[in-house]
Amino acid sequence: MGLRLNLLIRMRHWPFLFKTLQKVRDHLPMVMSVTLHAVVVFLLTYDFVSYQQSQTVSVPIFVVDLTKVKVAEMTNLPPKLKKTTQKKGSKKSVRTSAYSKAPSASSGKSSGFVSSGASGGSNTSKSAKATATVKSNSNAAGSSTQSSGAFLESELNTLLDKVTTSKKQDKTAASAPASNSIKNTSNNDTMDDSFKTLLASVDGIKSGLGYASEDEVDINEDEMVTQGIEGGQGGSYMQDLSVSEKDLIGIKLRQCWNIDPGVRGAQNMLIEIRVFLDKTGNVKDVKILDKARYGKDSAFRSVAESARRAVYICDKKKEDSPFKIFPKNYEQSYETWKTLLLRFNPFDGKVG
Amino acid sequence: MAKWGKMKKIFLLMLFLIVSTPVCAELSIDITGAHSAPMATGLPVFTFTSPKAKDFAEKMTKVIQSDLESSGLFGVIDQLAYLQKFKGIEDAPSFVDWQAINAEALIQGHVDYLNDRQIRVSFRLWDVFAAQELYSATLEVDTNGWRRVAHMIADSIYKRITGEEGYFDTRIVYIAETGSPLNRKKRLAIMDQDGENHKFLTDGENLVLTPRFSPNMQQITYLSYYNDTPRVYLFDIETGKQQIVGDFPGMTFAPRFSPDGHKLIMSMANNGNTDIFEMNLDTRAVKQLTRSAAIETSPCYSPDGKKIVFNSDRSGAQQLYIMDADGKNVKRISFGKGRYATPVWSPRGDYIAFTKMAGGKFYIGVMFPDGKGERLVAEGYLVEAPTWSPNGRILMYFRQDAPNYRGIPGKTRIYAVDITGYNERRLITPVDASDPAWSPLLSNR
């Protein structure tokens with residue numbers, strides 16, 4: 001009792017403590033908000049760190065002869081995998097991964113990984129580029145939609161982890177056959193491309209570990225088309241137009257847009273128009289969005305109709321149409337450009 | 001309790017921010033700026049049913065074409081380029097054919113001859129690229145009124161495309177000048193906006209100046225030197241009668257009607273001082289609006305009748321001022337170099353047109369009613385007296401050329417220019433012309 005009293009008497013000299021508590025109570029919502037923000041930031045940071053860690057793979061040191069690897073020009077737009085030479089409907093038991101299968105299925109237009117690594121250019125000094133491509137594909141594997149190739153690569157990563165651990169346990173049993181198999185398969189001249197040997201060597205590792213047997217799957221021709229690295233179905237290779245492409249479309253539309261500059265209030269107008277395109281980049285339909293203003297403001301209607309006319313006029317220019325850029329460069333991501341929102345602003349607010 | 005409500009809101013907001021996943025936004029593109037060129041228009045000669053209607057069809061098509069082209073906003077494509085020939089108003093346009101010749105709009109018309117006195121005119125306006133009908137109408141009219149009907153059709157087309165009222169069915173009153181510079185005769189004259197149907201209203205015995213239309217188009221007010229005393233008069237167009245507006249002690253000038261037509265505003269000079277007065281035309285009551293030792297003149301009402309713009313030299317130089325209709329809240333709006341005169345408020349209220357004198361030249365310009373955004377649209381040795389088209393798009397004024405080497409004054413002519421400063425056109429008049437005044441739209445009378 002005496003101690004309590006003593007404490008209270010002492011705290012009498014620290015009125016700021018009470019005041020601070022009072023302040024905290026007064027600003028409880030703000031305090032809660034700050035705390036919650038801090039929690040969110042912490043969670044995000046933690047998540048990010050753990051994500052980074054999960055992506056980090058400790059790759060064991062391999063001696064791989066890359067001097068014979070042919071490297072094609074780099075591309076971030078992997079073309080579609082061509083049909084295989086297999087007869088239609090025929091099924092084949094594929095023992096290896098899609099990596100080692102893909103080269104036989106591909107010629108000029110094969111999967112991105114394979115084409116950049118195996119087919120195409122003859123310059124062997126581009127091994128750095130090849131590595132870069134491999135990297136980009138491993139990034140793709142980390143993206144939301146995993147292609148089968150990307151999936152296999154992540155599988156490879158796990159495998160390599162296993163190799164490291166097994167190396168430690170038993171050097172002669174595991175690592176020596178693996179390196180042997182690399183050499184053996186890389187010297188195999190029956191294959192067209194040297195890079196296949198590298199891919200095949202992965203299977204060699206697998207077989208050395210008794211791992212490949214799990215991979216034995218049946219695939220038919222249709223599946224083959226979607227096999228390999230194709231940027232993933234619905235992958236994020238084309239998310240948006242580049243700034244210069246947007247500018248080009250804007251400039252072309254501006255050339256088609258003929259307005260009466262003296263129309264009342266034109267300097268304060270912004271006309272939003274939705275354009276519906278078909279897969280060939282032709283305009284299917286055009287809708288003026290602000291129907292309410294369109295109905296009651298005749299000046300707005302005039303400018304909006306001129307903007308709509310501009311879209312149609314540009315569309316009639318056929319190959320010179322600004323919308324032809326989509327089927328030309330972004331054919332595979334039709335979903336992202338099948339509707340466009342065009343914002344027409346006659347003066348940029350600069351007319352006095 | 002309220003605090004908890006607030007906290008709940010914050011919490012929900014945060015929850016929303018955490019849970020919400022980024023939604024794939026629609027691809028959007030900004031188009032800033034446009035080009036401006038006359039709208040390519042297909043206007044095939046109106047079809048007709050009987051040979052008697054042929055003449056009307058051809059004449060009306062010509063008037064419509066001339067009206068639309070004079071606005072500077074339409075460019076009618078040559079008849080020889082048309083790929084489709086219409087047989088009647090029911091013929092659907094082949095849009096591909098019109099797109100091929102880059103026609104953006106298409107006007108299709110038909111004339112029926114009903115009897116000696118009446119014709120029926122039908123027309124349709126098409127948006128060629130959107131393949132849509134924009135407007136259609138049928139009019140039954142007196143054969144004598146074919147020209148006015150053509151103007152009205154042109155007005156409808158203009159209105160549908162630009163969103164503004166047309167101005168083709170209007171008239172111009174102006175001062176027709178004849179005779180030598182020393183013995184100049186000035187007469188009141190009236191004509192259609194395209195120069196047709198010209199008529200002199202006064203005989204030229206007395207000098208007349210600054211004619212102005214009343215909003216109901218029945219009367220014209222002007223300044224006349226009857227008996228060598230300048231006074232404001234009213235002229236009735238229907239009857240041709242003139243009457244003096246009040247009996248003021250001094251000289252009255254620069255008259256103008258109020259937007260409702262019930263009041264007249266003017267300047268009166270008395271004992272060396274000029275002020276602005278307002279006169280109620282119904283009661284003839286007069287009210288003085290300005291009381292300053294300076295010269296205040298050229299008053300003009302705003303379209304809503306609540307404000308008056310005028311010029312005054314109270315600051316030492318002639319500048320523009322705005323005041324309330326009762327003469328209060330006087331505010332200077334022009335601050336540029338030079339002198340400003342003859343301000344006229346646009347019928348749509350967004351601009352004030354004026355004459356500016358600077359650097360030995362005259363200019364016609366426009367500014368916003370707050371004095372900002374001054375823009376000069378015409379210049380010359382002498383350009384003066386701007387008047388607005390009823391839709392506030394075109395300014396008409398007169399221009400006098402510099403005197404020749406013998407000192408003889410140059411010709412005075414009427415010109416019209418778009419407020420953007422483009423498409424300046426000369427109005428053809430039989431004699432020299434000055435001080436034009438544009439009427440309101442006749443069909444709105």
# chains A, B, ... in the order shown; residues from 1 in each chain; ligands from 1
$ interface_residues --of "chain A" --to "chain B" --cutoff "9 Å" --atoms "only C-alpha atoms" --output "JSON, numbers by chain"
{"A": [28, 29, 30, 32, 33, 36, 37, 40, 240, 241, 246, 247, 249, 250, 251, 253, 254, 255, 256, 257, 258, 259, 260, 261, 262, 263, 264, 286, 297, 298, 299, 300, 301, 302, 303, 305, 306, 308, 309, 310, 312, 313, 316, 336, 337, 339, 340, 341, 342, 343, 344, 345, 346, 347, 348, 351, 352]}
$ select_by_dssp --residues "region 174-258 of chain B" --states "strand (DSSP E)" --output "PyMOL selection string"
chain B and resi 174-178+185-192+199-200+208-213+219-226+229-236+242-244+251-257
$ closest_residue --among "B:Ile107, B:Leu441, B:Val344, B:Met323" --to "Leu395 (chain B)" --atoms "only C-alpha atoms"
B:Val344
